[in-house]
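Novice: File follows, my_file-v6.pdb with PDB, C-alpha atoms:
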```
ATOM      1  CA  MET A1253      48.385-154.366  38.996
ATOM      2  CA  MET A1254      48.345-151.875  41.864
ATOM      3  CA  ILE A1255      50.739-154.062  43.801
ATOM      4  CA  HIS A1256      53.125-153.997  40.873
ATOM      5  CA  ARG A1257      52.986-150.207  40.671
ATOM      6  CA  THR A1258      53.551-149.881  44.403
ATOM      7  CA  SER A1259      56.632-152.010  44.101
ATOM      8  CA  LEU A1260      57.954-149.838  41.349
ATOM      9  CA  VAL A1261      57.427-146.692  43.429
ATOM     10  CA  LEU A1262      59.168-148.215  46.405
ATOM     11  CA  ALA A1263      62.074-149.341  44.223
ATOM     12  CA  ALA A1264      62.420-145.902  42.686
ATOM     13  CA  THR A1265      62.364-144.253  46.104
ATOM     14  CA  ALA A1266      65.083-146.594  47.343
ATOM     15  CA  ALA A1267      67.190-145.894  44.252
ATOM     16  CA  LEU A1268      66.910-142.148  44.779
ATOM     17  CA  ALA A1269      67.942-142.522  48.407
ATOM     18  CA  THR A1270      70.927-144.607  47.393
ATOM     19  CA  LEU A1271      71.881-142.047  44.738
ATOM     20  CA  SER A1272      71.690-139.194  47.276
ATOM     21  CA  VAL A1273      73.974-141.041  49.649
ATOM     22  CA  ALA A1274      76.403-141.826  46.819
ATOM     23  CA  THR A1275      76.347-138.240  45.602
ATOM     24  CA  ALA A1276      77.070-136.942  49.086
ATOM     25  CA  PHE A1277      79.922-139.413  49.398
ATOM     26  CA  ILE A1278      81.432-138.424  46.018
ATOM     27  CA  ALA A1279      81.022-134.693  46.662
ATOM     28  CA  GLU A1280      82.848-134.886  49.983
ATOM     29  CA  PRO A1281      86.411-134.948  48.520
ATOM     30  CA  VAL A1282      85.738-131.688  46.669
ATOM     31  CA  GLN A1283      85.740-129.986  50.047
ATOM     32  CA  THR A1284      89.375-131.011  50.461
ATOM     33  CA  ALA A1285      90.261-128.080  48.187
ATOM     34  CA  SER A1286      89.787-125.683  51.089
ATOM     35  CA  PRO A1287      92.929-126.833  52.980
ATOM     36  CA  THR A1288      94.927-126.096  49.785
ATOM     37  CA  ARG A1289      93.639-122.526  49.773
ATOM     38  CA  ARG A1290      94.499-122.224  53.448
ATOM     39  CA  VAL A1291      98.065-123.326  52.691
ATOM     40  CA  ARG A1292      98.371-120.646  50.035
ATOM     41  CA  SER A1293      97.111-118.037  52.473
ATOM     42  CA  ILE A1294      99.712-119.140  54.977
ATOM     43  CA  LYS A1295     102.451-118.803  52.352
ATOM     44  CA  LEU A1296     101.308-115.329  51.418
ATOM     45  CA  GLY A1297     101.299-114.346  55.051
ATOM     46  CA  PHE A1298     104.838-115.653  55.448
ATOM     47  CA  ALA A1299     106.073-113.766  52.389
ATOM     48  CA  ALA A1300     104.604-110.554  53.727
ATOM     49  CA  SER A1301     106.256-110.889  57.148
ATOM     50  CA  PRO A1302     109.462-108.958  56.265
ATOM     51  CA  SER A1303     107.319-105.946  55.357
ATOM     52  CA  ASP A1304     105.624-106.222  58.742
ATOM     53  CA  ALA A1305     109.047-106.129  60.364
ATOM     54  CA  GLU A1306     110.039-103.118  58.298
ATOM     55  CA  LYS A1307     106.944-101.234  59.476
ATOM     56  CA  SER A1308     108.399-101.174  62.975
ATOM     57  CA  ILE A1309     111.484 -99.254  61.777
ATOM     58  CA  ASN A1310     111.205 -95.509  62.333
ATOM     59  CA  VAL A1311     112.376 -93.160  59.575
ATOM     60  CA  PRO A1312     114.638 -90.393  61.000
ATOM     61  CA  SER A1313     112.911 -87.029  61.317
ATOM     62  CA  PHE A1314     115.527 -85.272  59.155
ATOM     63  CA  VAL A1315     114.695 -87.389  56.096
ATOM     64  CA  ALA A1316     113.102 -85.064  53.542
ATOM     65  CA  SER A1317     113.395 -87.166  50.379
ATOM     66  CA  PRO A1318     110.213 -89.175  49.674
ATOM     67  CA  VAL A1319     112.319 -91.854  47.969
ATOM     68  CA  LEU A1320     114.591 -92.242  50.982
ATOM     69  CA  ALA A1321     111.574 -92.297  53.317
ATOM     70  CA  GLN A1322     110.061 -95.125  51.252
ATOM     71  CA  VAL A1323     113.179 -97.281  51.072
ATOM     72  CA  TYR A1324     114.655 -96.537  54.508
ATOM     73  CA  PRO A1325     113.003 -99.454  56.379
ATOM     74  CA  ALA A1326     114.190-101.839  53.664
ATOM     75  CA  LEU A1327     117.749-100.441  53.960
ATOM     76  CA  ILE A1328     117.822-101.161  57.684
ATOM     77  CA  ALA A1329     116.306-104.609  57.182
ATOM     78  CA  HIS A1330     118.950-105.353  54.527
ATOM     79  CA  ILE A1331     121.714-104.280  56.908
ATOM     80  CA  LYS A1332     120.383-106.605  59.606
ATOM     81  CA  GLU A1333     120.281-109.543  57.194
ATOM     82  CA  TYR A1334     123.289-108.928  54.926
ATOM     83  CA  GLY A1335     125.460-106.406  56.752
ATOM     84  CA  ASN A1336     125.049-103.591  54.195
ATOM     85  CA  PRO A1337     122.276-101.342  52.813
ATOM     86  CA  ASN A1338     123.061-101.908  49.127
ATOM     87  CA  ILE A1339     119.915-103.684  47.917
ATOM     88  CA  PRO A1340     120.351-105.416  44.505
ATOM     89  CA  LEU A1341     118.643-103.808  41.534
ATOM     90  CA  GLY A1342     116.231-106.652  40.767
ATOM     91  CA  SER A1343     113.541-105.455  43.197
ATOM     92  CA  THR A1344     111.402-102.391  43.848
ATOM     93  CA  ASP A1345     113.650-101.318  46.736
ATOM     94  CA  GLY A1346     116.722-101.945  44.597
ATOM     95  CA  LYS A1347     115.332 -99.544  41.993
ATOM     96  CA  ARG A1348     114.711 -96.998  44.733
ATOM     97  CA  CYS A1349     118.369 -97.308  45.746
ATOM     98  CA  LYS A1350     119.328 -96.568  42.142
ATOM     99  CA  THR A1351     117.105 -93.482  42.255
ATOM    100  CA  LEU A1352     118.793 -92.392  45.503
ATOM    101  CA  ARG A1353     122.188 -92.526  43.773
ATOM    102  CA  ARG A1354     120.941 -90.326  40.979
ATOM    103  CA  LEU A1355     119.394 -87.874  43.444
ATOM    104  CA  HIS A1356     122.728 -87.690  45.253
ATOM    105  CA  PHE A1357     124.638 -86.988  42.061
ATOM    106  CA  GLN A1358     122.083 -84.306  41.197
ATOM    107  CA  ASN A1359     122.614 -82.708  44.651
ATOM    108  CA  LYS A1360     118.973 -83.366  45.579
ATOM    109  CA  LEU A1361     119.664 -85.046  48.919
ATOM    110  CA  THR A1362     120.296 -82.971  52.047
ATOM    111  CA  ASP A1363     123.658 -83.006  53.810
ATOM    112  CA  ASP A1364     122.098 -84.860  56.742
ATOM    113  CA  GLU A1365     120.656 -87.527  54.431
ATOM    114  CA  VAL A1366     123.985 -88.033  52.644
ATOM    115  CA  ALA A1367     125.911 -88.164  55.929
ATOM    116  CA  HIS A1368     123.513 -90.719  57.410
ATOM    117  CA  LEU A1369     123.544 -92.934  54.311
ATOM    118  CA  THR A1370     127.346 -92.784  54.296
ATOM    119  CA  GLU A1371     127.412 -93.897  57.939
ATOM    120  CA  LEU A1372     125.156 -96.815  57.034
ATOM    121  CA  GLY A1373     127.593 -97.860  54.301
ATOM    122  CA  PHE A1374     125.396 -96.922  51.349
ATOM    123  CA  ARG A1375     127.297 -96.953  48.034
ATOM    124  CA  PHE A1376     126.871 -93.765  46.013
ATOM    125  CA  HIS A1377     127.721 -93.181  42.356
ATOM    126  CA  SER A1378     131.343 -92.925  41.360
ATOM    127  CA  PHE A1379     132.102 -90.534  38.504
ATOM    128  CA  GLU A1380     132.417 -93.438  36.063
ATOM    129  CA  ASP A1381     129.100 -94.988  37.168
ATOM    130  CA  VAL A1382     127.079 -92.123  35.729
ATOM    131  CA  TYR A1383     127.406 -93.228  32.109
ATOM    132  CA  TYR A1384     126.526 -96.835  32.903
ATOM    133  CA  GLU A1385     123.639 -96.038  35.260
ATOM    134  CA  CYS A1386     121.909 -93.393  33.147
ATOM    135  CA  ASP A1387     119.652 -94.107  30.202
ATOM    136  CA  PHE A1388     121.473 -92.991  27.036
ATOM    137  CA  ASP A1389     118.429 -91.619  25.192
ATOM    138  CA  GLU A1390     117.228 -89.761  28.286
ATOM    139  CA  MET A1391     120.611 -88.071  28.681
ATOM    140  CA  LEU A1392     120.820 -87.416  24.935
ATOM    141  CA  ALA A1393     117.545 -85.498  25.165
ATOM    142  CA  LYS A1394     119.051 -83.385  27.967
ATOM    143  CA  LEU A1395     122.126 -82.786  25.825
ATOM    144  CA  ILE A1396     119.954 -81.589  22.923
ATOM    145  CA  ASP A1397     118.067 -79.253  25.262
ATOM    146  CA  TYR A1398     121.379 -77.845  26.492
ATOM    147  CA  HIS A1399     122.515 -77.216  22.907
ATOM    148  CA  GLU A1400     119.243 -75.490  22.038
ATOM    149  CA  GLU A1401     119.721 -73.130  24.982
ATOM    150  CA  PHE A1402     123.462 -72.439  24.725
ATOM    151  CA  ASP A1403     124.261 -73.377  21.095
ATOM    152  CA  THR A1404     127.189 -75.576  22.158
ATOM    153  CA  TYR A1405     127.964 -79.064  23.433
ATOM    154  CA  GLN A1406     130.852 -77.784  25.553
ATOM    155  CA  ILE A1407     129.261 -78.514  28.908
ATOM    156  CA  PRO A1408     131.344 -77.935  32.057
ATOM    157  CA  LYS A1409     132.506 -81.107  33.746
ATOM    158  CA  LYS A1410     130.960 -79.746  36.945
ATOM    159  CA  TYR A1411     127.734 -78.267  35.637
ATOM    160  CA  ASP A1412     125.827 -77.090  38.718
ATOM    161  CA  PRO A1413     122.302 -77.022  37.195
ATOM    162  CA  ASP A1414     122.699 -80.688  36.186
ATOM    163  CA  PRO A1415     125.896 -82.322  37.537
ATOM    164  CA  GLU A1416     124.834 -85.650  36.056
ATOM    165  CA  LEU A1417     124.799 -84.240  32.521
ATOM    166  CA  GLY A1418     128.263 -82.705  32.871
ATOM    167  CA  ALA A1419     129.712 -85.977  34.146
ATOM    168  CA  TRP A1420     127.919 -87.981  31.444
ATOM    169  CA  VAL A1421     129.339 -85.840  28.624
ATOM    170  CA  THR A1422     132.828 -86.102  30.104
ATOM    171  CA  MET A1423     132.513 -89.901  30.158
ATOM    172  CA  LEU A1424     131.283 -89.918  26.536
ATOM    173  CA  ARG A1425     134.481 -88.237  25.419
ATOM    174  CA  ARG A1426     136.643 -90.502  27.545
ATOM    175  CA  LEU A1427     135.010 -93.707  26.288
ATOM    176  CA  HIS A1428     135.168 -92.468  22.711
ATOM    177  CA  ARG A1429     138.917 -91.914  22.966
ATOM    178  CA  THR A1430     139.433 -95.469  24.221
ATOM    179  CA  GLU A1431     137.009 -96.819  21.574
ATOM    180  CA  ASP A1432     134.715 -98.201  24.285
ATOM    181  CA  LEU A1433     131.627 -96.257  23.228
ATOM    182  CA  PRO A1434     129.055 -98.345  21.290
ATOM    183  CA  GLN A1435     128.974 -97.415  17.602
ATOM    184  CA  ILE A1436     125.241 -96.787  17.650
ATOM    185  CA  GLU A1437     125.787 -94.108  20.303
ATOM    186  CA  VAL A1438     128.705 -92.626  18.367
ATOM    187  CA  ASP A1439     126.487 -92.390  15.282
ATOM    188  CA  LYS A1440     123.716 -90.608  17.187
ATOM    189  CA  LEU A1441     126.172 -88.081  18.614
ATOM    190  CA  ASP A1442     127.903 -87.553  15.266
ATOM    191  CA  ALA A1443     124.510 -86.833  13.696
ATOM    192  CA  LEU A1444     124.090 -83.990  16.199
ATOM    193  CA  GLY A1445     127.524 -82.558  15.460
ATOM    194  CA  PHE A1446     128.782 -83.388  18.952
ATOM    195  CA  GLU A1447     132.317 -82.103  19.669
ATOM    196  CA  TRP A1448     134.413 -85.034  20.856
ATOM    197  CA  ILE A1449     137.183 -82.841  22.249
ATOM    198  CA  SER A1450     136.430 -80.415  25.061
ATOM    199  CA  THR A1451     137.516 -76.869  24.294
ATOM    200  CA  ARG A1452     136.310 -75.260  27.496
ATOM    201  CA  LYS A1453     138.588 -72.516  28.630
ATOM    202  CA  CYS A1454     140.460 -72.443  31.894
ATOM    203  CA  GLY A1455     142.779 -69.656  32.930
ATOM    204  CA  SER A1456     145.430 -71.912  34.495
ATOM    205  CA  ALA A1457     148.783 -72.572  32.834
ATOM    206  CA  PHE A1458     148.166 -76.282  33.377
ATOM    207  CA  MET A1459     144.949 -76.293  31.325
ATOM    208  CA  GLY A1460     146.472 -74.172  28.600
ATOM    209  CA  LYS A1461     149.291 -76.674  28.067
ATOM    210  CA  TYR A1462     146.987 -79.630  28.666
ATOM    211  CA  ARG A1463     144.631 -78.630  25.858
ATOM    212  CA  GLU A1464     147.589 -78.251  23.534
ATOM    213  CA  VAL A1465     148.965 -81.706  24.379
ATOM    214  CA  LEU A1466     145.525 -83.336  24.273
ATOM    215  CA  SER A1467     144.753 -81.940  20.825
ATOM    216  CA  TYR A1468     148.146 -82.995  19.477
ATOM    217  CA  LEU A1469     148.044 -86.534  20.857
ATOM    218  CA  SER A1470     144.433 -87.014  19.728
ATOM    219  CA  LYS A1471     145.363 -86.138  16.149
ATOM    220  CA  VAL A1472     148.292 -88.557  16.262
ATOM    221  CA  VAL A1473     146.112 -91.408  17.535
ATOM    222  CA  GLU A1474     143.332 -90.696  15.029
ATOM    223  CA  ALA A1475     145.895 -90.745  12.207
ATOM    224  CA  GLY A1476     147.171 -94.132  13.387
ATOM    225  CA  GLY A1477     150.486 -92.760  14.630
ATOM    226  CA  GLU A1478     152.585 -94.077  17.525
ATOM    227  CA  VAL A1479     152.439 -91.776  20.548
ATOM    228  CA  ARG A1480     155.585 -93.241  22.102
ATOM    229  CA  GLU A1481     157.621 -92.367  19.014
ATOM    230  CA  LEU A1482     156.126 -88.878  18.988
ATOM    231  CA  LEU A1483     157.144 -88.273  22.599
ATOM    232  CA  HIS A1484     160.748 -89.165  21.824
ATOM    233  CA  GLU A1485     160.679 -86.672  18.975
ATOM    234  CA  ASP A1486     158.997 -83.891  20.949
ATOM    235  CA  ASN A1487     161.071 -83.271  24.085
ATOM    236  CA  ASP A1488     158.786 -80.435  25.213
ATOM    237  CA  ILE A1489     155.729 -82.701  25.560
ATOM    238  CA  ILE A1490     157.612 -85.514  27.288
ATOM    239  CA  LYS A1491     159.077 -83.053  29.805
ATOM    240  CA  TRP A1492     155.657 -81.631  30.571
ATOM    241  CA  VAL A1493     154.078 -85.084  30.984
ATOM    242  CA  ASP A1494     156.901 -86.206  33.263
ATOM    243  CA  ALA A1495     156.592 -83.029  35.324
ATOM    244  CA  GLN A1496     152.910 -83.820  35.965
ATOM    245  CA  ARG A1497     153.826 -87.393  36.947
ATOM    246  CA  GLN A1498     156.409 -86.195  39.456
ATOM    247  CA  ALA A1499     153.993 -83.598  40.848
ATOM    248  CA  TYR A1500     151.392 -86.335  41.320
ATOM    249  CA  GLU A1501     153.827 -88.678  43.069
ATOM    250  CA  ASN A1502     154.844 -85.834  45.404
ATOM    251  CA  GLY A1503     151.217 -85.045  46.208
ATOM    252  CA  ASN A1504     151.259 -81.740  44.354
ATOM    253  CA  LEU A1505     148.820 -82.583  41.562
ATOM    254  CA  SER A1506     145.103 -82.411  42.370
ATOM    255  CA  GLU A1507     142.807 -85.344  41.697
ATOM    256  CA  SER A1508     140.856 -83.293  39.168
ATOM    257  CA  ARG A1509     144.034 -82.635  37.172
ATOM    258  CA  ALA A1510     145.023 -86.277  37.476
ATOM    259  CA  GLU A1511     141.654 -87.158  35.921
ATOM    260  CA  TYR A1512     142.418 -84.814  33.035
ATOM    261  CA  MET A1513     145.784 -86.502  32.559
ATOM    262  CA  ASP A1514     144.049 -89.885  32.472
ATOM    263  CA  GLU A1515     142.188 -88.698  29.392
ATOM    264  CA  LEU A1516     145.362 -88.222  27.325
ATOM    265  CA  PRO A1517     145.119 -90.781  24.495
ATOM    266  CA  GLY A1518     147.811 -93.342  23.707
ATOM    267  CA  ILE A1519     149.775 -92.846  26.905
ATOM    268  CA  ASP A1520     149.861 -94.071  30.507
ATOM    269  CA  TRP A1521     151.234 -90.894  32.031
ATOM    270  CA  ARG A1522     151.661 -92.513  35.462
ATOM    271  CA  ASN A1523     154.026 -95.159  34.084
ATOM    272  CA  PRO A1524     157.163 -93.620  32.520
ATOM    273  CA  SER A1525     158.421 -97.015  31.356
ATOM    274  CA  SER A1526     155.588 -97.018  28.804
ATOM    275  CA  TRP A1527     156.819 -93.880  27.104
ATOM    276  CA  ALA A1528     160.267 -92.911  28.442
TER     277      ALA A1528
END
```
When written as structure tokens, how does the structure in this file appear?
Specialist:
Amino acid sequence: MMIHRTSLVLAATAALATLSVATAFIAEPVQTASPTRRVRSIKLGFAASPSDAEKSINVPSFVASPVLAQVYPALIAHIKEYGNPNIPLGSTDGKRCKTLRRLHFQNKLTDDEVAHLTELGFRFHSFEDVYYECDFDEMLAKLIDYHEEFDTYQIPKKYDPDPELGAWVTMLRRLHRTEDLPQIEVDKLDALGFEWISTRKCGSAFMGKYREVLSYLSKVVEAGGEVRELLHEDNDIIKWVDAQRQAYENGNLSESRAEYMDELPGIDWRNPSSWA
């Protein structure tokens, strides 16, 4: 009986030993997960390497803008890789570039910063970009604040306290005349009583006549009339328009006045064949 029990104990001990060896053998492959984690670490290190390179780029001492200081190394790195500093919008640095453009339009960059960015080939806002780059509701809130302070929506095109707002309002009127302003935005502005035609005064003879022609042509277009037929009937207007065209071709009409002429509805003032 004791011999039988001893045999059982020995058998059980052997089984446990076998199980331990088997368990150790099965558990071994689990350790193969560690090389996978090492590979991921290597990939992360590789992805971070451009930032390491950017850290070696010194920001010029004259840079005062925190935004420019943040994005400057990325601008230089982008130039080295792509030949220009205009980083696409779909990244953090791209969004910083967008902010730089707004700061420039708001006159919040120093002359040295603007000059250096220009030398690098950085693309700033054009006048037309302002409407498309700015958030409509954000600018609408600024417009409402302006009206509360001055009781008018007649903002100067070059409004020094907020150049962006002046340009944005000018583009609203221009896009509305060409029917390119989304209806939802038109409705919001109409609800405020926004004046779609600028009535700001200017002492020059040009602006006096311009406002007269603009008002007249706008009424004709809104009534569904044909501007070309009107011009043939009103010799005074056609003479004035042609005089501005000739002045422009001879280099005697400023770009700002040419921009005003571009806003005349229903007419391509630069092309006499369209209305002569």
Novice: Between atom CA of Tyr1334 of chain A and atom CA of Phe1314 of chain A, measure the distance and give it in Å to one decimal.
Specialist: 25.3 Å
Novice: With only C-alpha atoms as the atoms that count, which of A:Arg1425, A:Arg1463, A:Arg1375, A:His1368 lies nearest to Cys1349 of chain A?
Specialist: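 Smallest distance to Cys1349 of chain A is found for A:Arg1375.
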Novice: So the first atom is atom CA of Asp1414 of chain A and the second is atom CA of Leu1441 of chain A; what is the distance between them in Å, to one decimal place?
Specialist: 19.4 Å
Novice: When you look at Arg1353 of chain A with a cut-off of 10 Å (counting only C-alpha atoms), what residues show up, excluding the ones that are within fewer than 3 positions of it in the same chain? I need them as number ranges by chain.
Specialist: A: 1347-1350, 1356-1361, 1374-1378, 1381-1382, 1385
Novice: Between atom CA of Gly1518 of chain A and atom CA of Leu1469 of chain A, measure the distance and give it in Å to one decimal.
Specialist: 7.4 Å
Novice: Can you pull out every residue within 10 Å of Leu1417 of chain A, counting only C-alpha atoms, but drop anything in the same chain fewer than 2 positions away, and send it as a VMD selection string?
Specialist: chain A and resid 1357 to 1358 1382 to 1383 1386 1391 to 1392 1394 to 1395 1398 1407 to 1415 1419 to 1423
Novice: For segment 1323-1334 of chain A, write all heavy atoms out as a PDB file, in the first residue's frame.
Specialist:
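out_26.pdb was written with the following content:
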```
ATOM      1  N   VAL A1323       6.777  79.620 -35.087  1.00  0.00           N
ATOM      2  CA  VAL A1323       6.707  78.956 -36.385  1.00  0.00           C
ATOM      3  C   VAL A1323       7.974  79.141 -37.213  1.00  0.00           C
ATOM      4  O   VAL A1323       8.165  78.447 -38.217  1.00  0.00           O
ATOM      5  CB  VAL A1323       5.471  79.465 -37.171  1.00  0.00           C
ATOM      6  CG1 VAL A1323       5.722  80.848 -37.780  1.00  0.00           C
ATOM      7  CG2 VAL A1323       5.075  78.475 -38.264  1.00  0.00           C
ATOM      8  N   TYR A1324       8.848  80.040 -36.803  1.00  0.00           N
ATOM      9  CA  TYR A1324      10.021  80.378 -37.625  1.00  0.00           C
ATOM     10  C   TYR A1324      10.880  79.155 -37.997  1.00  0.00           C
ATOM     11  O   TYR A1324      11.220  78.991 -39.180  1.00  0.00           O
ATOM     12  CB  TYR A1324      10.876  81.431 -36.927  1.00  0.00           C
ATOM     13  CG  TYR A1324      11.988  81.960 -37.804  1.00  0.00           C
ATOM     14  CD1 TYR A1324      11.741  82.982 -38.724  1.00  0.00           C
ATOM     15  CD2 TYR A1324      13.281  81.432 -37.740  1.00  0.00           C
ATOM     16  CE1 TYR A1324      12.754  83.455 -39.542  1.00  0.00           C
ATOM     17  CE2 TYR A1324      14.285  81.898 -38.555  1.00  0.00           C
ATOM     18  CZ  TYR A1324      14.022  82.916 -39.460  1.00  0.00           C
ATOM     19  OH  TYR A1324      15.013  83.360 -40.279  1.00  0.00           O
ATOM     20  N   PRO A1325      11.236  78.286 -37.044  1.00  0.00           N
ATOM     21  CA  PRO A1325      12.043  77.120 -37.422  1.00  0.00           C
ATOM     22  C   PRO A1325      11.352  76.248 -38.472  1.00  0.00           C
ATOM     23  O   PRO A1325      11.997  75.721 -39.383  1.00  0.00           O
ATOM     24  CB  PRO A1325      12.205  76.361 -36.093  1.00  0.00           C
ATOM     25  CG  PRO A1325      12.081  77.413 -35.051  1.00  0.00           C
ATOM     26  CD  PRO A1325      11.028  78.340 -35.581  1.00  0.00           C
ATOM     27  N   ALA A1326      10.028  76.116 -38.339  1.00  0.00           N
ATOM     28  CA  ALA A1326       9.285  75.315 -39.320  1.00  0.00           C
ATOM     29  C   ALA A1326       9.284  75.985 -40.694  1.00  0.00           C
ATOM     30  O   ALA A1326       9.321  75.306 -41.728  1.00  0.00           O
ATOM     31  CB  ALA A1326       7.849  75.100 -38.840  1.00  0.00           C
ATOM     32  N   LEU A1327       9.251  77.322 -40.730  1.00  0.00           N
ATOM     33  CA  LEU A1327       9.312  78.051 -42.006  1.00  0.00           C
ATOM     34  C   LEU A1327      10.624  77.747 -42.726  1.00  0.00           C
ATOM     35  O   LEU A1327      10.638  77.469 -43.930  1.00  0.00           O
ATOM     36  CB  LEU A1327       9.191  79.560 -41.768  1.00  0.00           C
ATOM     37  CG  LEU A1327       7.870  80.103 -41.213  1.00  0.00           C
ATOM     38  CD1 LEU A1327       7.966  81.609 -41.017  1.00  0.00           C
ATOM     39  CD2 LEU A1327       6.708  79.777 -42.140  1.00  0.00           C
ATOM     40  N   ILE A1328      11.723  77.827 -41.983  1.00  0.00           N
ATOM     41  CA  ILE A1328      13.031  77.578 -42.584  1.00  0.00           C
ATOM     42  C   ILE A1328      13.154  76.125 -43.042  1.00  0.00           C
ATOM     43  O   ILE A1328      13.674  75.832 -44.129  1.00  0.00           O
ATOM     44  CB  ILE A1328      14.152  77.918 -41.577  1.00  0.00           C
ATOM     45  CG1 ILE A1328      14.050  79.388 -41.141  1.00  0.00           C
ATOM     46  CG2 ILE A1328      15.517  77.646 -42.199  1.00  0.00           C
ATOM     47  CD1 ILE A1328      14.070  80.392 -42.270  1.00  0.00           C
ATOM     48  N   ALA A1329      12.641  75.213 -42.215  1.00  0.00           N
ATOM     49  CA  ALA A1329      12.685  73.794 -42.583  1.00  0.00           C
ATOM     50  C   ALA A1329      11.859  73.542 -43.842  1.00  0.00           C
ATOM     51  O   ALA A1329      12.245  72.745 -44.708  1.00  0.00           O
ATOM     52  CB  ALA A1329      12.163  72.939 -41.431  1.00  0.00           C
ATOM     53  N   HIS A1330      10.735  74.241 -43.965  1.00  0.00           N
ATOM     54  CA  HIS A1330       9.862  74.080 -45.141  1.00  0.00           C
ATOM     55  C   HIS A1330      10.544  74.625 -46.387  1.00  0.00           C
ATOM     56  O   HIS A1330      10.418  74.065 -47.486  1.00  0.00           O
ATOM     57  CB  HIS A1330       8.535  74.799 -44.899  1.00  0.00           C
ATOM     58  CG  HIS A1330       7.415  74.321 -45.768  1.00  0.00           C
ATOM     59  ND1 HIS A1330       7.132  74.891 -47.003  1.00  0.00           N
ATOM     60  CD2 HIS A1330       6.518  73.322 -45.614  1.00  0.00           C
ATOM     61  CE1 HIS A1330       6.092  74.278 -47.540  1.00  0.00           C
ATOM     62  NE2 HIS A1330       5.702  73.316 -46.733  1.00  0.00           N
ATOM     63  N   ILE A1331      11.279  75.716 -46.227  1.00  0.00           N
ATOM     64  CA  ILE A1331      12.028  76.283 -47.359  1.00  0.00           C
ATOM     65  C   ILE A1331      13.078  75.294 -47.840  1.00  0.00           C
ATOM     66  O   ILE A1331      13.241  75.067 -49.044  1.00  0.00           O
ATOM     67  CB  ILE A1331      12.704  77.617 -46.951  1.00  0.00           C
ATOM     68  CG1 ILE A1331      11.659  78.707 -46.751  1.00  0.00           C
ATOM     69  CG2 ILE A1331      13.711  78.056 -48.017  1.00  0.00           C
ATOM     70  CD1 ILE A1331      12.223  80.006 -46.209  1.00  0.00           C
ATOM     71  N   LYS A1332      13.791  74.687 -46.896  1.00  0.00           N
ATOM     72  CA  LYS A1332      14.845  73.732 -47.254  1.00  0.00           C
ATOM     73  C   LYS A1332      14.284  72.525 -47.996  1.00  0.00           C
ATOM     74  O   LYS A1332      14.926  71.982 -48.901  1.00  0.00           O
ATOM     75  CB  LYS A1332      15.587  73.272 -45.992  1.00  0.00           C
ATOM     76  CG  LYS A1332      16.438  74.371 -45.366  1.00  0.00           C
ATOM     77  CD  LYS A1332      17.150  73.863 -44.114  1.00  0.00           C
ATOM     78  CE  LYS A1332      18.028  74.959 -43.498  1.00  0.00           C
ATOM     79  NZ  LYS A1332      18.689  74.499 -42.254  1.00  0.00           N
ATOM     80  N   GLU A1333      13.058  72.107 -47.611  1.00  0.00           N
ATOM     81  CA  GLU A1333      12.488  70.909 -48.221  1.00  0.00           C
ATOM     82  C   GLU A1333      11.672  71.194 -49.474  1.00  0.00           C
ATOM     83  O   GLU A1333      11.712  70.442 -50.439  1.00  0.00           O
ATOM     84  CB  GLU A1333      11.603  70.182 -47.205  1.00  0.00           C
ATOM     85  CG  GLU A1333      11.078  68.836 -47.719  1.00  0.00           C
ATOM     86  CD  GLU A1333      10.435  68.009 -46.623  1.00  0.00           C
ATOM     87  OE1 GLU A1333      10.438  68.443 -45.457  1.00  0.00           O
ATOM     88  OE2 GLU A1333       9.937  66.915 -46.943  1.00  0.00           O
ATOM     89  N   TYR A1334      10.940  72.344 -49.478  1.00  0.00           N
ATOM     90  CA  TYR A1334      10.006  72.600 -50.577  1.00  0.00           C
ATOM     91  C   TYR A1334      10.318  73.872 -51.374  1.00  0.00           C
ATOM     92  O   TYR A1334       9.670  74.142 -52.374  1.00  0.00           O
ATOM     93  CB  TYR A1334       8.577  72.693 -50.041  1.00  0.00           C
ATOM     94  CG  TYR A1334       8.115  71.428 -49.358  1.00  0.00           C
ATOM     95  CD1 TYR A1334       8.062  71.341 -47.966  1.00  0.00           C
ATOM     96  CD2 TYR A1334       7.746  70.305 -50.099  1.00  0.00           C
ATOM     97  CE1 TYR A1334       7.643  70.186 -47.327  1.00  0.00           C
ATOM     98  CE2 TYR A1334       7.319  69.148 -49.466  1.00  0.00           C
ATOM     99  CZ  TYR A1334       7.271  69.085 -48.080  1.00  0.00           C
ATOM    100  OH  TYR A1334       6.861  67.941 -47.458  1.00  0.00           O
TER     101      TYR A1334
END
```
